[in-house]
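Undergrad: Got a file for you: target-v5.txt, compact mmCIF, C-alpha atoms.
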# COMPACT_ATOMS: atom_id res chain seq x y z
CA MET K 1 -22.88 -96.92 -168.93
CA LYS K 2 -20.30 -98.75 -166.81
CA LEU K 3 -16.96 -97.13 -166.11
CA LYS K 4 -13.83 -98.09 -164.24
CA VAL K 5 -13.42 -96.30 -160.95
CA CYS K 6 -10.37 -96.24 -158.71
CA GLY K 7 -11.35 -97.33 -155.23
CA LEU K 8 -11.20 -99.97 -152.61
CA TRP K 9 -13.44 -102.27 -154.60
CA SER K 10 -12.38 -102.14 -158.19
CA ILE K 11 -14.96 -101.96 -160.98
CA GLY K 12 -18.48 -100.62 -161.05
CA LYS K 13 -20.67 -97.65 -161.85
CA VAL K 14 -19.52 -94.14 -161.01
CA MET K 15 -20.42 -93.58 -157.37
CA THR K 16 -21.40 -90.39 -155.65
CA LYS K 17 -19.18 -88.91 -152.99
CA LEU K 18 -21.72 -90.00 -150.42
CA ASP K 19 -21.79 -93.59 -151.70
CA ASN K 20 -18.03 -93.67 -151.60
CA VAL K 21 -17.97 -92.57 -147.97
CA VAL K 22 -20.41 -95.34 -147.09
CA ARG K 23 -18.38 -97.85 -149.07
CA GLU K 24 -15.21 -96.91 -147.22
CA MET K 25 -16.95 -97.16 -143.88
CA LEU K 26 -18.16 -100.67 -144.70
CA PHE K 27 -14.82 -101.90 -145.97
CA LEU K 28 -13.89 -103.92 -142.91
CA ALA K 29 -17.32 -104.22 -141.34
CA PRO K 30 -17.68 -107.63 -139.65
CA GLY K 31 -21.38 -108.22 -140.29
CA GLU K 32 -22.78 -110.37 -143.06
CA THR K 33 -26.15 -108.76 -143.74
CA VAL K 34 -26.71 -105.15 -144.80
CA SER K 35 -30.04 -103.33 -145.03
CA ILE K 36 -30.02 -100.14 -147.07
CA ILE K 37 -32.91 -97.91 -146.01
CA GLY K 38 -34.33 -95.30 -148.38
CA PRO K 39 -32.10 -95.82 -151.41
CA GLY K 40 -34.62 -94.21 -153.75
CA GLU K 41 -33.45 -94.61 -157.33
CA SER K 42 -29.79 -95.04 -156.36
CA ARG K 43 -28.47 -98.56 -156.90
CA ASN K 44 -24.72 -97.92 -156.98
CA LEU K 45 -24.00 -98.89 -153.41
CA TYR K 46 -26.20 -101.96 -153.64
CA ASP K 47 -24.46 -103.07 -156.83
CA TYR K 48 -21.09 -102.87 -155.06
CA LEU K 49 -22.07 -104.41 -151.78
CA ILE K 50 -23.69 -107.53 -153.19
CA ASN K 51 -20.16 -108.78 -153.92
CA PHE K 52 -19.33 -108.78 -150.21
CA PHE K 53 -22.52 -108.98 -148.15
CA SER K 54 -26.03 -110.28 -148.19
CA VAL K 55 -27.69 -106.96 -149.05
CA GLU K 56 -31.31 -105.80 -149.16
CA MET K 57 -32.90 -102.46 -149.98
CA ILE K 58 -35.92 -101.23 -148.04
CA ASP K 59 -37.98 -98.28 -149.25
CA TYR K 60 -41.63 -97.42 -148.59
CA ASP K 61 -42.06 -95.55 -151.87
CA ILE K 62 -45.07 -97.12 -153.59
CA ARG K 63 -43.27 -96.83 -156.93
CA PHE K 64 -41.20 -99.83 -155.79
CA ARG K 65 -44.11 -102.15 -155.02
CA ASP K 66 -43.40 -104.22 -158.12
CA ASP K 67 -39.61 -103.99 -157.89
CA ASN K 68 -38.27 -107.41 -156.91
CA ASN K 69 -35.02 -105.88 -155.68
CA ILE K 70 -36.69 -103.70 -153.05
CA ILE K 71 -38.62 -104.60 -149.94
CA CYS K 72 -41.44 -102.07 -150.09
CA LYS K 73 -42.03 -101.42 -146.41
CA ASP K 74 -41.93 -98.51 -144.00
CA ILE K 75 -39.13 -99.61 -141.70
CA VAL K 76 -40.48 -97.43 -138.85
CA PHE K 77 -44.11 -98.49 -138.90
CA ASP K 78 -44.34 -101.85 -140.69
CA GLU K 79 -43.06 -104.98 -139.02
CA TYR K 80 -39.67 -105.91 -140.43
CA GLU K 81 -36.38 -107.09 -138.98
CA PRO K 82 -33.42 -105.55 -140.83
CA GLY K 83 -29.89 -106.95 -141.11
CA GLU K 84 -26.89 -106.64 -138.81
CA ILE K 85 -25.71 -103.47 -140.53
CA ILE K 86 -28.19 -100.69 -141.28
CA VAL K 87 -27.34 -97.96 -143.78
CA ASN K 88 -29.99 -95.24 -143.50
CA TYR K 89 -29.90 -92.70 -146.31
CA ALA K 90 -32.88 -90.71 -145.03
CA CYS K 91 -32.50 -89.97 -141.33
CA GLU K 92 -34.09 -86.54 -141.84
CA LYS K 93 -37.35 -88.20 -142.88
CA MET K 94 -37.95 -90.61 -140.04
CA TRP K 95 -38.02 -91.62 -136.41
CA PRO K 96 -34.47 -92.57 -135.37
CA LEU K 97 -33.93 -96.21 -136.22
CA GLY K 98 -31.53 -96.65 -133.33
CA LYS K 99 -34.53 -96.38 -131.01
CA LEU K 100 -36.16 -99.33 -132.77
CA PHE K 101 -33.24 -101.68 -133.48
CA LYS K 102 -30.60 -102.48 -130.86
CA ASN K 103 -27.13 -103.99 -131.06
CA ARG K 104 -26.72 -103.00 -134.69
CA GLU K 105 -23.97 -101.39 -136.68
CA PHE K 106 -25.27 -98.19 -138.28
CA ILE K 107 -24.25 -95.82 -141.00
CA LEU K 108 -26.59 -92.89 -140.49
CA ILE K 109 -26.95 -90.19 -143.11
CA GLY K 110 -29.14 -87.11 -142.84
CA ASP K 111 -29.23 -83.60 -144.27
CA ASP K 112 -30.12 -80.15 -143.04
CA GLU K 113 -31.99 -78.81 -146.06
CA GLY K 114 -35.40 -79.05 -144.43
CA HIS K 115 -37.48 -80.20 -147.39
CA ASN K 116 -41.22 -80.72 -147.30
CA GLY K 117 -41.62 -84.15 -145.69
CA ASP K 118 -38.56 -83.84 -143.46
CA CYS K 119 -39.74 -84.42 -139.90
CA ASN K 120 -36.22 -84.68 -138.51
CA PRO K 121 -33.75 -82.27 -140.15
CA ILE K 122 -30.22 -83.30 -139.21
CA THR K 123 -27.90 -80.45 -138.28
CA SER K 124 -24.94 -82.27 -136.70
CA CYS K 125 -23.31 -85.66 -136.30
CA GLU K 126 -23.85 -85.32 -132.55
CA GLN K 127 -27.60 -85.22 -133.17
CA LEU K 128 -27.43 -88.54 -135.00
CA VAL K 129 -25.30 -90.08 -132.26
CA LYS K 130 -27.68 -88.96 -129.53
CA GLN K 131 -30.94 -89.78 -131.31
CA ASN K 132 -29.81 -93.29 -132.16
CA ASN K 133 -28.09 -94.09 -128.87
CA ILE K 134 -24.78 -94.76 -130.63
CA VAL K 135 -22.45 -95.97 -127.88
CA GLU K 136 -19.30 -96.42 -129.95
CA VAL K 137 -18.60 -94.02 -132.82
CA TYR K 138 -16.24 -95.35 -135.48
CA ASP K 139 -16.28 -92.38 -137.80
CA THR K 140 -18.11 -89.14 -138.58
CA ARG K 141 -18.12 -87.08 -141.77
CA ILE K 142 -19.75 -83.94 -143.09
CA ILE K 143 -19.98 -83.50 -146.83
CA LYS K 144 -21.53 -80.79 -148.96
CA ARG K 145 -24.79 -81.34 -150.74
CA TRP K 146 -26.98 -79.10 -152.89
CA GLN K 147 -28.00 -76.35 -150.46
CA GLY K 148 -26.75 -77.80 -147.23
CA GLN K 149 -24.73 -80.65 -145.84
CA TYR K 150 -24.89 -84.37 -145.23
CA TYR K 151 -24.02 -85.52 -141.73
CA ILE K 152 -22.77 -89.10 -141.55
CA VAL K 153 -22.14 -91.24 -138.50
CA HIS K 154 -20.75 -94.78 -138.39
CA GLY K 155 -21.06 -96.66 -135.11
CA ILE K 156 -22.90 -99.22 -133.02
CA ASN K 157 -25.70 -98.90 -130.52
CA MET M 158 -84.38 -80.96 -128.71
CA SER M 159 -82.94 -77.64 -127.56
CA TYR M 160 -79.71 -77.13 -125.62
CA ASP M 161 -78.68 -74.20 -123.48
CA GLY M 162 -75.26 -73.56 -125.02
CA THR M 163 -73.39 -75.12 -122.12
CA LEU M 164 -70.30 -77.01 -123.19
CA MET M 165 -70.86 -80.64 -122.25
CA SER M 166 -68.36 -83.25 -121.23
CA THR M 167 -68.11 -86.19 -123.59
CA GLU M 168 -69.75 -88.42 -120.97
CA ASP M 169 -72.73 -86.08 -120.63
CA PHE M 170 -73.05 -85.87 -124.39
CA LEU M 171 -73.17 -89.64 -124.71
CA ARG M 172 -75.94 -89.77 -122.11
CA THR M 173 -78.08 -87.37 -124.15
CA LEU M 174 -78.03 -89.45 -127.32
CA ASP M 175 -81.39 -90.60 -128.59
CA PRO M 176 -81.14 -94.37 -129.29
CA GLU M 177 -83.63 -93.99 -132.16
CA ILE M 178 -81.19 -91.81 -134.08
CA LYS M 179 -78.72 -93.82 -136.17
CA LEU M 180 -76.63 -91.03 -137.67
CA HIS M 181 -74.41 -88.74 -135.61
CA ILE M 182 -72.54 -85.90 -137.26
CA PHE M 183 -69.74 -83.90 -135.66
CA THR M 184 -67.73 -80.82 -136.44
CA LEU M 185 -64.83 -79.05 -134.71
CA LYS M 186 -64.50 -75.32 -134.00
CA TRP M 187 -61.73 -73.96 -131.86
CA GLY M 188 -59.78 -70.71 -131.92
CA ASN M 189 -61.02 -67.81 -134.03
CA LYS M 190 -60.56 -68.91 -137.64
CA TYR M 191 -64.23 -69.78 -137.98
CA GLY M 192 -67.28 -68.07 -136.50
CA PRO M 193 -70.57 -69.50 -135.26
CA GLU M 194 -72.11 -68.82 -138.68
CA HIS M 195 -69.92 -71.60 -140.08
CA VAL M 196 -71.42 -74.04 -137.57
CA ASN M 197 -74.98 -72.84 -138.04
CA ARG M 198 -74.83 -72.88 -141.83
CA LEU M 199 -73.22 -76.31 -141.91
CA TYR M 200 -76.09 -77.53 -139.74
CA GLY M 201 -78.55 -75.81 -142.08
CA SER M 202 -77.03 -77.58 -145.08
CA LEU M 203 -77.34 -80.94 -143.33
CA LEU M 204 -80.98 -80.26 -142.48
CA ARG M 205 -81.60 -79.62 -146.15
CA TYR M 206 -79.58 -82.48 -147.64
CA VAL M 207 -79.75 -85.36 -145.15
CA ARG M 208 -83.12 -87.14 -145.42
CA THR M 209 -82.80 -89.23 -142.29
CA PRO M 210 -82.89 -88.23 -138.62
CA PHE M 211 -79.49 -87.25 -137.30
CA SER M 212 -77.83 -85.56 -134.36
CA PHE M 213 -75.35 -82.74 -134.85
CA CYS M 214 -72.68 -81.82 -132.37
CA CYS M 215 -69.94 -79.20 -132.42
CA ILE M 216 -66.81 -79.78 -130.38
CA THR M 217 -65.76 -76.26 -129.48
CA ASP M 218 -64.08 -73.96 -127.01
CA ASP M 219 -66.72 -71.25 -127.51
CA SER M 220 -70.42 -71.95 -128.03
CA ARG M 221 -71.47 -68.31 -128.27
CA GLY M 222 -73.64 -67.69 -131.33
CA ILE M 223 -74.15 -71.37 -132.07
CA LYS M 224 -77.82 -72.29 -132.46
CA LYS M 225 -79.41 -73.82 -129.39
CA GLU M 226 -80.47 -76.98 -131.20
CA ILE M 227 -76.82 -77.85 -131.85
CA GLN M 228 -75.13 -79.81 -129.07
CA THR M 229 -71.69 -78.66 -127.97
CA ILE M 230 -68.89 -80.67 -126.35
CA ASP M 231 -66.07 -78.92 -124.50
CA TYR M 232 -63.05 -78.94 -126.81
CA ASN M 233 -60.66 -78.42 -123.90
CA GLN M 234 -61.56 -81.80 -122.46
CA PHE M 235 -61.61 -83.62 -125.76
CA ASP M 236 -58.07 -84.05 -127.10
CA PRO M 237 -56.53 -87.27 -125.70
CA TRP M 238 -53.10 -86.37 -127.12
CA LYS M 239 -52.68 -83.02 -125.41
CA GLU M 240 -49.08 -83.84 -124.48
CA TYR M 241 -48.12 -83.25 -128.12
CA PRO M 242 -48.03 -79.81 -129.78
CA GLN M 243 -51.16 -78.91 -131.68
CA ASN M 244 -49.19 -78.56 -134.93
CA GLN M 245 -48.24 -82.25 -134.87
CA ILE M 246 -50.96 -84.38 -136.50
CA PHE M 247 -53.00 -81.19 -136.77
CA THR M 248 -56.74 -81.89 -136.16
CA ARG M 249 -56.01 -85.24 -134.52
CA GLU M 250 -59.08 -84.53 -132.38
CA LYS M 251 -61.08 -86.01 -135.26
CA LEU M 252 -59.64 -89.41 -134.38
CA ALA M 253 -60.94 -89.09 -130.84
CA ILE M 254 -64.45 -88.80 -132.28
CA MET M 255 -63.91 -92.22 -133.81
CA ASP M 256 -63.26 -93.58 -130.36
CA LEU M 257 -66.71 -92.62 -129.01
CA ASP M 258 -68.86 -95.61 -128.22
CA ILE M 259 -71.90 -94.77 -130.35
CA PRO M 260 -73.87 -97.26 -132.46
CA GLY M 261 -74.82 -96.49 -136.05
CA VAL M 262 -73.14 -94.25 -138.57
CA LYS M 263 -70.85 -91.46 -137.42
CA SER M 264 -69.43 -88.61 -139.46
CA TRP M 265 -67.37 -85.50 -139.16
CA VAL M 266 -67.57 -82.57 -141.51
CA ASP M 267 -65.17 -79.64 -141.57
CA LEU M 268 -66.64 -76.17 -141.15
CA ASP M 269 -65.32 -74.95 -144.49
CA MET M 270 -67.12 -77.62 -146.51
CA LEU M 271 -70.14 -76.70 -148.61
CA ILE M 272 -72.80 -79.38 -148.92
CA HIS M 273 -75.00 -78.45 -151.86
CA ASP M 274 -76.83 -81.62 -152.84
CA ASP M 275 -78.28 -84.70 -151.18
CA VAL M 276 -75.76 -86.78 -149.19
CA THR M 277 -78.19 -89.26 -147.61
CA GLU M 278 -77.04 -92.16 -149.76
CA LEU M 279 -73.42 -91.56 -148.73
CA TYR M 280 -74.42 -92.14 -145.14
CA ASN M 281 -76.51 -95.16 -146.13
CA SER M 282 -73.61 -96.84 -147.97
CA PRO M 283 -71.93 -99.88 -146.35
CA LEU M 284 -69.01 -97.90 -144.88
CA GLU M 285 -67.04 -101.08 -144.23
CA LYS M 286 -63.95 -98.93 -143.83
CA PRO M 287 -63.80 -95.32 -142.63
CA THR M 288 -64.52 -93.37 -145.80
CA PHE M 289 -62.58 -90.22 -146.72
CA ILE M 290 -62.16 -87.83 -149.62
CA PHE M 291 -59.57 -88.81 -152.20
CA ASN M 292 -58.02 -85.87 -154.06
CA TYR M 293 -58.81 -87.15 -157.54
CA TRP M 294 -58.21 -83.66 -158.93
CA ASN M 295 -54.51 -84.04 -158.04
CA ALA M 296 -54.04 -87.81 -158.00
CA ASP M 297 -55.03 -88.17 -161.65
CA LYS M 298 -52.31 -85.79 -162.75
CA LYS M 299 -49.06 -87.00 -164.29
CA MET M 300 -46.32 -87.34 -161.68
CA ALA M 301 -48.89 -87.31 -158.85
CA TYR M 302 -46.92 -89.92 -156.89
CA LYS M 303 -43.43 -88.81 -157.87
CA TRP M 304 -42.66 -87.39 -154.44
CA PHE M 305 -44.23 -90.13 -152.34
CA GLY M 306 -40.81 -91.34 -151.22
CA LYS M 307 -39.85 -87.85 -150.10
CA GLY M 308 -42.87 -87.65 -147.81
CA SER M 309 -44.38 -84.67 -149.58
CA ASP M 310 -47.32 -86.25 -151.44
CA CYS M 311 -50.80 -86.30 -149.99
CA HIS M 312 -53.97 -87.29 -151.80
CA VAL M 313 -56.17 -87.99 -148.77
CA ASN M 314 -58.45 -85.33 -147.32
CA SER M 315 -60.28 -85.70 -144.02
CA SER M 316 -62.88 -82.94 -144.40
CA PHE M 317 -65.93 -85.17 -144.93
CA VAL M 318 -65.66 -88.60 -143.33
CA ALA M 319 -68.12 -91.31 -142.30
CA TRP M 320 -67.76 -94.67 -140.62
CA ARG M 321 -69.57 -97.35 -138.70
CA ASP M 322 -66.70 -98.88 -136.76
CA ALA M 323 -63.29 -97.24 -136.89
CA ARG M 324 -62.07 -97.60 -133.34
CA TRP M 325 -58.99 -99.39 -134.65
CA LEU M 326 -57.78 -96.01 -135.93
CA PRO M 327 -57.52 -94.09 -132.63
CA LYS M 328 -56.15 -97.29 -131.09
CA TYR M 329 -53.40 -97.52 -133.72
CA THR M 330 -52.68 -93.84 -133.13
CA GLU M 331 -52.43 -94.33 -129.39
CA ASP M 332 -50.26 -97.44 -129.75
CA ASN M 333 -47.83 -95.65 -132.09
CA LYS M 334 -48.19 -92.11 -130.82
CA GLU M 335 -44.56 -91.38 -130.08
CA LYS M 336 -43.46 -92.23 -133.61
CA LEU M 337 -46.53 -90.76 -135.30
CA PHE M 338 -46.46 -87.39 -133.59
CA PHE M 339 -42.76 -87.14 -134.35
CA THR M 340 -43.29 -87.90 -138.03
CA TYR M 341 -46.48 -86.20 -139.19
CA LYS M 342 -47.58 -82.59 -139.03
CA SER M 343 -51.00 -83.14 -140.56
CA LEU M 344 -53.68 -85.75 -139.99
CA ASP M 345 -54.12 -86.15 -143.74
CA LYS M 346 -50.48 -87.06 -144.29
CA TYR M 347 -50.57 -89.53 -141.44
CA LEU M 348 -53.66 -91.17 -142.92
CA TYR M 349 -52.15 -91.17 -146.40
CA TYR M 350 -48.75 -92.60 -145.53
CA GLN M 351 -49.81 -95.17 -142.96
CA HIS M 352 -53.38 -96.15 -143.76
CA TRP M 353 -54.01 -95.37 -147.43
CA ARG M 354 -50.67 -97.05 -148.21
CA ASN M 355 -51.86 -100.18 -146.42
CA ASP M 356 -55.37 -100.13 -147.91
CA ARG M 357 -57.18 -99.53 -144.62
CA LEU M 358 -59.34 -96.63 -145.83
CA ALA M 359 -62.21 -96.23 -148.30
CA PHE M 360 -63.07 -93.19 -150.40
CA TRP M 361 -66.16 -91.47 -151.77
CA PRO M 362 -66.66 -92.17 -155.48
CA GLU M 363 -64.97 -89.79 -157.88
CA GLY M 364 -67.09 -86.74 -158.69
CA ILE M 365 -69.05 -86.64 -155.43
CA VAL M 366 -66.65 -84.19 -153.78
CA ASP M 367 -65.21 -81.33 -155.77
CA ASN M 368 -62.40 -78.88 -155.09
CA PHE M 369 -63.37 -75.28 -155.80
CA ASN M 370 -59.80 -74.13 -156.30
CA PHE M 371 -58.03 -77.12 -157.84
CA SER M 372 -60.47 -78.92 -160.10
CA ASP M 373 -60.16 -78.11 -163.78
CA PRO M 374 -61.69 -75.70 -164.61
CA PRO M 375 -61.85 -74.19 -161.12
CA HIS M 376 -64.62 -72.18 -159.44
CA ILE M 377 -67.59 -73.72 -161.26
CA GLU M 378 -70.54 -75.63 -159.81
CA ARG M 379 -69.74 -79.04 -161.25
CA GLU M 380 -72.52 -81.38 -162.29
CA GLY M 381 -72.76 -84.39 -159.98
CA ALA M 382 -70.80 -82.85 -157.14
CA ARG M 383 -72.62 -82.79 -153.83
CA ILE M 384 -69.91 -81.41 -151.62
CA THR M 385 -67.25 -78.80 -152.37
CA LEU M 386 -64.11 -78.01 -150.45
CA PHE M 387 -62.13 -74.81 -150.41
CA ASN M 388 -58.67 -75.56 -149.04
CA THR M 389 -56.19 -72.73 -149.58
CA SER M 390 -53.69 -73.13 -146.76
CA HIS M 391 -51.00 -74.89 -148.78
CA ILE M 392 -51.45 -72.42 -151.65
CA ARG M 393 -50.67 -69.58 -149.27
CA ALA M 394 -47.93 -71.46 -147.45
CA ASN M 395 -46.13 -72.19 -150.71
CA ASN M 396 -46.86 -68.79 -152.33
CA LEU M 397 -48.46 -70.52 -155.31
CA ASN M 398 -49.83 -68.25 -157.97
CA ILE M 399 -53.34 -69.70 -157.97
CA GLU M 400 -56.60 -67.78 -157.68
CA ALA M 401 -58.06 -69.47 -154.65
CA TYR M 402 -60.91 -68.75 -152.27
CA GLU M 403 -62.04 -69.93 -148.88
CA LEU M 404 -65.78 -70.57 -148.61
CA ASP M 405 -66.35 -67.30 -146.76
CA GLU M 406 -64.44 -65.39 -149.47
CA THR M 407 -66.79 -66.35 -152.31
CA GLU M 408 -68.98 -63.23 -152.20
CA GLY M 409 -70.74 -62.81 -155.54
CA MET M 410 -70.03 -66.43 -156.54
CA TRP M 411 -72.29 -69.49 -156.43
CA PRO M 412 -70.98 -71.01 -153.14
CA MET M 413 -71.92 -67.92 -151.15
CA GLU M 414 -75.50 -68.09 -152.43
CA TYR M 415 -75.88 -71.63 -151.12
CA TRP M 416 -74.03 -70.87 -147.90
CA LYS M 417 -76.14 -67.86 -146.95
CA SER M 418 -79.32 -69.71 -147.86
CA TYR M 419 -78.66 -72.17 -145.05
CA ASP M 420 -79.43 -69.45 -142.53
CA LYS M 421 -83.08 -70.16 -143.37
CA ALA M 422 -82.87 -73.95 -143.30
Produce structure tokens that represent the structure in this file.
TA:
Amino acid sequence: MKLKVCGLWSIGKVMTKLDNVVREMLFLAPGETVSIIGPGESRNLYDYLINFFSVEMIDYDIRFRDDNNIICKDIVFDEYEPGEIIVNYACEKMWPLGKLFKNREFILIGDDEGHNGDCNPITSCEQLVKQNNIVEVYDTRIIKRWQGQYYIVHGIN
Amino acid sequence: MSYDGTLMSTEDFLRTLDPEIKLHIFTLKWGNKYGPEHVNRLYGSLLRYVRTPFSFCCITDDSRGIKKEIQTIDYNQFDPWKEYPQNQIFTREKLAIMDLDIPGVKSWVDLDMLIHDDVTELYNSPLEKPTFIFNYWNADKKMAYKWFGKGSDCHVNSSFVAWRDARWLPKYTEDNKEKLFFTYKSLDKYLYYQHWRNDRLAFWPEGIVDNFNFSDPPHIEREGARITLFNTSHIRANNLNIEAYELDETEGMWPMEYWKSYDKA
């Protein structure tokens, strides 16, 4: 069901608090291409951003192999060149992307819940900054999630 | 041939290989989880159920109690990725076996596997890709791949493996070691997420390998199965309420009868 939502960009699906933070961070971003890493089933941000950027979603989950809207690759291990802006929803599950891709604008999101499969639990924004060699930090946020917190960093490396 | 129990270097081991033998089987024993009886009985099962000449070698840090006819390589000189903690890509030493320059068919078998029927034809199969166990008993279940994206699935098991040429695998591991050792705690997950996902592995046909604790119904000797595995670690780690046994805990059950019988093989 589509609903009206008050926000910077007017009409769309109801967005999560996390999606809204990302949306705000990207409001005046100068880049033209956005790669969303690890969106899972969430499409809200993608549906908004396609009005303003060239956007792609990248997720290694094999359930998306036949999904034309998703590039089904492991961004850490498979060869792929992402866009100018990288939004990583799953920093706790992977090698820091800032070590692989240079001169990019990043929105880095990770949580501290330590689930099975989390090789890199994120416990602070400073950790994200350091791991990804972020040289200029535009914004940081911490927001509550189920049993822990999301740590969010916006910046360039 | 008889050996004196001395732990050999890998180079010395390679020099001892008989060029007439085309099948080389390895196992790993380090620490104190398994005793020499595990090695000796595994060897006994292979003598009974492999109808082709083969060599058998245990990579170990302690050769005491291991039969003299079993070759032993020094475990402490074997792991090429010692700079990483042992609990990252746990049992990665298996990949180093794949890097040995040996012609013919190579295999590793975990010490807690029970071989209870003929496996010769498995070793005689083409083995165009390194061939592993696929966890059909879990993978066939509804929702088996639901958590793939979260990194918590795993349907590959590396307890009974054979190959002809798989040197690409230790090379890939070496080339990507920094990222791989950061990402994966177990060898099986690494293989599943990077190599099963990209179709680089092969698997034994369904029914050949059974799982004593997870197949339905559990704990029976299943018709057609030649090998049975007894993994319980994740049951205990996750406090699952499942009646599960390691091979050496099956006293009074059918696996123990086979296992003990291999003392006489």
Undergrad: Please identify all polymer residues within 9 Å of segment 47-60 of chain K, counting all atoms listed in the file, omitting same-chain residues fewer than 2 positions from it, and present them as an MDAnalysis selection string.
TA: (chainID K and resid 9 11:13 23 26 31:40 43:45 62:65 69:75 82:83) or (chainID M and resid 305:306)
Undergrad: Between K:Leu18, K:Leu28, K:Leu97, K:Val87, which residue has the minimum interatomic distance to chain M, considering all atoms listed in the file?
TA: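 So, comparing all the options, the nearest one is K:Leu97.
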Undergrad: If the cut-off is 6 Å, can you tell me the residues of chain K near chain M, counting all atoms listed in the file? I'd like them as a list in words.
TA: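 Every residue of chain K that passes the 6 Å test is in Asp61, Asn116, Gly117 and Cys119 of chain K.
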Undergrad: So how far away is atom CA of Lys93 of chain K from atom CA of Met25 of chain K, in Å?
TA: 22.3 Å
Undergrad: Give me the residues near Phe170 of chain M as a PDB file with C-alpha atoms, in the coordinates of the input, where near means some atom within 10 Å (using all atoms listed in the file) and where sequence neighbours in that chain fewer than 4 positions away do not count.
TA:
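And here's selection39.pdb as it stands now:
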ATOM      1  CA  LEU M 164     -70.300 -77.010-123.190  1.00  0.00           C
ATOM      2  CA  MET M 165     -70.860 -80.640-122.250  1.00  0.00           C
ATOM      3  CA  SER M 166     -68.360 -83.250-121.230  1.00  0.00           C
ATOM      4  CA  LEU M 174     -78.030 -89.450-127.320  1.00  0.00           C
ATOM      5  CA  CYS M 214     -72.680 -81.820-132.370  1.00  0.00           C
ATOM      6  CA  GLN M 228     -75.130 -79.810-129.070  1.00  0.00           C
ATOM      7  CA  THR M 229     -71.690 -78.660-127.970  1.00  0.00           C
ATOM      8  CA  ILE M 230     -68.890 -80.670-126.350  1.00  0.00           C
ATOM      9  CA  ASP M 231     -66.070 -78.920-124.500  1.00  0.00           C
TER      10      ASP M 231
END
Undergrad: In Å, with one decimal, what is the gap from atom CA of Asn120 of chain K to atom CA of Pro96 of chain K?
TA: 8.7 Å
Undergrad: Quick one: pull the distance between atom CA of Thr140 of chain K and atom CA of Pro121 of chain K, Å, one decimal.
TA: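 Atom CA of Pro121 of chain K lies 17.2 Å from atom CA of Thr140 of chain K.
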Undergrad: Residues around (-59.3, -96.4, -134.8), cut-off 10 Å, counting all atoms listed in the file - what are they as a ChimeraX atom specification?
TA: /M:252-256,287,322-331
Undergrad: Need the shell around Ala422 of chain M: protein/DNA/RNA residues with any atom at most 10 Å away, counting all atoms listed in the file. Skip same-chain ones fewer than 3 positions apart. Format as an mmCIF file with C-alpha atoms, keeping the file's coordinate frame?
TA:
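Contents of part-v3.cif, freshly written:
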data_model
loop_
_atom_site.group_PDB
_atom_site.id
_atom_site.type_symbol
_atom_site.label_atom_id
_atom_site.label_comp_id
_atom_site.auth_asym_id
_atom_site.auth_seq_id
_atom_site.Cartn_x
_atom_site.Cartn_y
_atom_site.Cartn_z
ATOM 1 C CA ASN M 197 -74.980 -72.840 -138.040
ATOM 2 C CA ARG M 198 -74.830 -72.880 -141.830
ATOM 3 C CA TYR M 200 -76.090 -77.530 -139.740
ATOM 4 C CA GLY M 201 -78.550 -75.810 -142.080
ATOM 5 C CA SER M 202 -77.030 -77.580 -145.080
ATOM 6 C CA LEU M 203 -77.340 -80.940 -143.330
ATOM 7 C CA LEU M 204 -80.980 -80.260 -142.480
ATOM 8 C CA ARG M 205 -81.600 -79.620 -146.150
ATOM 9 C CA LYS M 417 -76.140 -67.860 -146.950
ATOM 10 C CA SER M 418 -79.320 -69.710 -147.860
ATOM 11 C CA TYR M 419 -78.660 -72.170 -145.050
#
Undergrad: Counting all atoms listed in the file, which of M:Asp405, M:Asp420, M:Glu378, M:Glu285 gets nearest to Ala359 of chain M?
TA: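 Of all the options, M:Glu285 lies closest to Ala359 of chain M.
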Undergrad: Which residue out of M:Val318, M:Ile216, M:Leu180, M:Met300 has the minimum interatomic distance to Val262 of chain M when only C-alpha atoms are used?
TA: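 Answer, going by the shortest atom-to-atom distance: M:Leu180.
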Undergrad: Which one is closest to Gln243 of chain M: M:Gly188, M:Phe211, M:Tyr415, M:Leu268? Count all atoms listed in the file.
TA: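 Looking only at the distances to Gln243 of chain M, the closest residue turns out to be M:Gly188.
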Undergrad: Would you fill out segment 122-127 of chain K with N, CA and C atoms and return it as a JSON list (two decimals), in the frame of the given file?
TA:
[["chain", "number", "residue", "atom", "x", "y", "z"],
["K", 122, "ILE", "N", -31.45, -82.95, -139.94],
["K", 122, "ILE", "CA", -30.22, -83.30, -139.21],
["K", 122, "ILE", "C", -29.23, -82.14, -139.34],
["K", 123, "THR", "N", -28.78, -81.62, -138.24],
["K", 123, "THR", "CA", -27.90, -80.45, -138.28],
["K", 123, "THR", "C", -26.52, -80.73, -137.66],
["K", 124, "SER", "N", -26.28, -81.94, -137.22],
["K", 124, "SER", "CA", -24.94, -82.27, -136.70],
["K", 124, "SER", "C", -24.80, -83.78, -136.58],
["K", 125, "CYS", "N", -23.56, -84.24, -136.54],
["K", 125, "CYS", "CA", -23.31, -85.66, -136.30],
["K", 125, "CYS", "C", -23.70, -86.02, -134.86],
["K", 126, "GLU", "N", -23.50, -85.07, -133.95],
["K", 126, "GLU", "CA", -23.85, -85.32, -132.55],
["K", 126, "GLU", "C", -25.34, -85.64, -132.41],
["K", 127, "GLN", "N", -26.16, -84.96, -133.20],
["K", 127, "GLN", "CA", -27.60, -85.22, -133.17],
["K", 127, "GLN", "C", -27.89, -86.66, -133.54]]
